[in-house]
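**Student:** Structure incoming, see below.
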Amino acid sequence: MATVNRIVETEYDRKQFIRFLEGRKLPFTVSLVDGKHRTNDQNRLQRLWVNEIAEQLGDQTPEEVRGYCKLKFGVPILRAENEVFRISYDKIIKPLPYEYKLEMMMEPHDYRVTSIMTTRQKTAYLDHLYRHFTGQGLVLTNPGDLLNAHRAENAA
């Protein structure tokens, strides 16, 4: 059973998706998620912060920080807003002990959490991450500084 994900942002995308659906063999199940898919800028910011957090904590790798954040911040967001995710997570991951849940968030398993978020969900995720770690005294790059550097880079 294959899962197909499509991002529909334009009328052309919508028409192509309708054509795709019309060509599918029955039966099949469709799930729709309102909102735009997470952005590359959000992904870059997450990677930057994960590296900064790991460096400042000193006792975790960036991958361990990423797994922790997915489990602590990402899972609750998606469980509350994505029924398909909640059902799958509750069946496969939720019964596991915490250490195994954490392991499932990291490579090589890498249970999908942030990769299926909308921009709004990813913004909420990043906000939680930022508040949590800056609340512990860690210093994370300000997203506004990153945006200004990116704009200056593109203008050059």
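We label chains A, B, ... in the order they appear in the structure tokens, count residues from 1 in each chain, and number ligands from 1 in the order shown.
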Can you pull out the residues contacting Val75 (chain A)? Cut-off 9 Å, using only C-alpha atoms, and skip same-chain residues under 5 positions away; I want them as a ChimeraX atom specification.
**Tutor:** /A:69-70,80,85-86,89,113-114
**Student:** Write out, as a PDB file, in the first residue's frame, the residues just selected, with C-alpha atoms.
**Tutor:**
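That gives us result_26.pdb:
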```
ATOM      1  CA  CYS A  69      12.138  17.681  20.242  1.00  0.00           C
ATOM      2  CA  LYS A  70      10.065  15.600  17.847  1.00  0.00           C
ATOM      3  CA  ALA A  80      -4.122  16.971  18.523  1.00  0.00           C
ATOM      4  CA  PHE A  85      -1.082  10.523  12.702  1.00  0.00           C
ATOM      5  CA  ARG A  86      -2.761  10.076  16.108  1.00  0.00           C
ATOM      6  CA  TYR A  89       1.246   6.898  16.666  1.00  0.00           C
ATOM      7  CA  VAL A 113       6.652  13.961  12.687  1.00  0.00           C
ATOM      8  CA  THR A 114       7.955  17.344  11.557  1.00  0.00           C
TER       9      THR A 114
END
```
**Student:** Which residues come within 12 Å of region 51-54 of chain A, counting only C-alpha atoms, excluding same-chain residues fewer than 4 positions away, as a compact mmCIF listing (two decimals) with N, CA and C atoms, in the first residue's frame?
**Tutor:**
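Once written, part15.txt looks like this:
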```
# COMPACT_ATOMS: atom_id res chain seq x y z
N ARG A 44 15.66 24.66 7.88
CA ARG A 44 17.01 25.16 8.15
C ARG A 44 17.12 25.69 9.58
N LEU A 45 16.10 26.42 10.02
CA LEU A 45 16.11 26.97 11.38
C LEU A 45 16.11 25.84 12.41
N GLN A 46 15.30 24.82 12.17
CA GLN A 46 15.26 23.69 13.09
C GLN A 46 16.65 23.03 13.17
N ARG A 47 17.28 22.79 12.03
CA ARG A 47 18.61 22.16 12.02
C ARG A 47 19.64 23.03 12.74
N GLY A 58 26.15 19.86 25.41
CA GLY A 58 27.41 19.14 25.49
C GLY A 58 27.31 17.64 25.73
N ASP A 59 26.14 17.14 26.10
CA ASP A 59 26.01 15.72 26.40
C ASP A 59 25.05 14.99 25.46
N GLN A 60 24.63 15.67 24.39
CA GLN A 60 23.72 15.06 23.41
C GLN A 60 24.18 15.42 22.02
N THR A 61 23.95 14.51 21.10
CA THR A 61 24.24 14.79 19.69
C THR A 61 23.08 15.60 19.11
N PRO A 62 23.30 16.26 17.98
CA PRO A 62 22.18 16.93 17.33
C PRO A 62 21.02 15.97 17.01
N GLU A 63 21.32 14.75 16.65
CA GLU A 63 20.27 13.77 16.35
C GLU A 63 19.47 13.42 17.60
N GLU A 64 20.12 13.34 18.75
CA GLU A 64 19.42 13.06 19.99
C GLU A 64 18.51 14.25 20.37
N VAL A 65 18.99 15.46 20.17
CA VAL A 65 18.18 16.65 20.43
C VAL A 65 16.98 16.67 19.49
N ARG A 66 17.22 16.37 18.22
CA ARG A 66 16.13 16.35 17.23
C ARG A 66 15.07 15.33 17.62
N GLY A 67 15.50 14.13 18.03
CA GLY A 67 14.55 13.10 18.44
C GLY A 67 13.74 13.52 19.66
N TYR A 68 14.42 14.12 20.63
CA TYR A 68 13.74 14.62 21.84
C TYR A 68 12.69 15.67 21.48
N CYS A 69 13.06 16.60 20.62
CA CYS A 69 12.14 17.68 20.24
C CYS A 69 10.94 17.15 19.47
N LEU A 129 9.95 24.76 20.95
CA LEU A 129 11.37 24.42 21.07
C LEU A 129 12.16 25.63 21.58
N TYR A 130 11.92 26.78 20.97
CA TYR A 130 12.64 28.00 21.34
C TYR A 130 12.38 28.38 22.81
N HIS A 132 11.30 26.51 25.27
CA HIS A 132 11.80 25.48 26.18
C HIS A 132 13.31 25.66 26.44
N PHE A 133 14.07 25.77 25.37
CA PHE A 133 15.53 25.79 25.54
C PHE A 133 16.06 27.17 25.95
N THR A 134 15.47 28.24 25.46
CA THR A 134 15.92 29.55 25.93
C THR A 134 15.51 29.75 27.39
N GLN A 136 15.80 27.57 29.54
CA GLN A 136 16.85 26.89 30.31
C GLN A 136 18.18 27.65 30.25
N GLY A 137 18.15 28.82 29.60
CA GLY A 137 19.36 29.64 29.53
C GLY A 137 20.19 29.44 28.27
N LEU A 138 19.76 28.60 27.35
CA LEU A 138 20.49 28.42 26.12
C LEU A 138 20.24 29.61 25.20
N VAL A 139 21.19 29.91 24.36
CA VAL A 139 21.08 31.02 23.42
C VAL A 139 20.93 30.43 22.02
N LEU A 140 19.80 30.75 21.38
CA LEU A 140 19.54 30.26 20.03
C LEU A 140 19.49 31.42 19.06
N THR A 141 19.92 31.17 17.84
CA THR A 141 19.88 32.20 16.81
C THR A 141 18.47 32.75 16.68
N ASN A 142 18.36 34.07 16.65
CA ASN A 142 17.08 34.72 16.47
C ASN A 142 16.65 34.55 15.01
```
**Student:** Interatomic distance between CA of Leu126 (chain A) and CA of Ile87 (chain A)?
**Tutor:** 23.7 Å
**Student:** Could you jot down the CA of Ile77 (chain A) to CA of Met106 (chain A) separation for me, Å, one decimal place?
**Tutor:** 18.0 Å
**Student:** Compile a residue-level contact table for region 88-141 of chain A against region 38-42 of chain A at a cut-off of 6 Å, reporting for every qualifying residue the shortest atom pair and its distance in Å to one decimal, with only C-alpha atoms counted, rows ordered by chain and ascending number, as a Markdown table.
**Tutor:**
```
| residue | atom | partner | partner_atom | distance |
| --- | --- | --- | --- | --- |
| A:Met117 | CA | A:Arg38 | CA | 5.9 |
| A:Thr118 | CA | A:Arg38 | CA | 4.8 |
| A:Thr119 | CA | A:Arg38 | CA | 4.1 |
```
**Student:** With DSSP run on the backbone, what are the helix (DSSP H, G or I) residues within region 9-116 of chain A? I'd like them as a ChimeraX atom specification.
**Tutor:** /A:11-22,40-57,62-81,83-92,98-105,114-116
**Student:** I'd like the interatomic distance between CA of Thr123 (chain A) and CA of Pro143 (chain A), to a tenth of an Å.
**Tutor:**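 Calculated distance between CA of Thr123 (chain A) and CA of Pro143 (chain A) is 11.2 Å.
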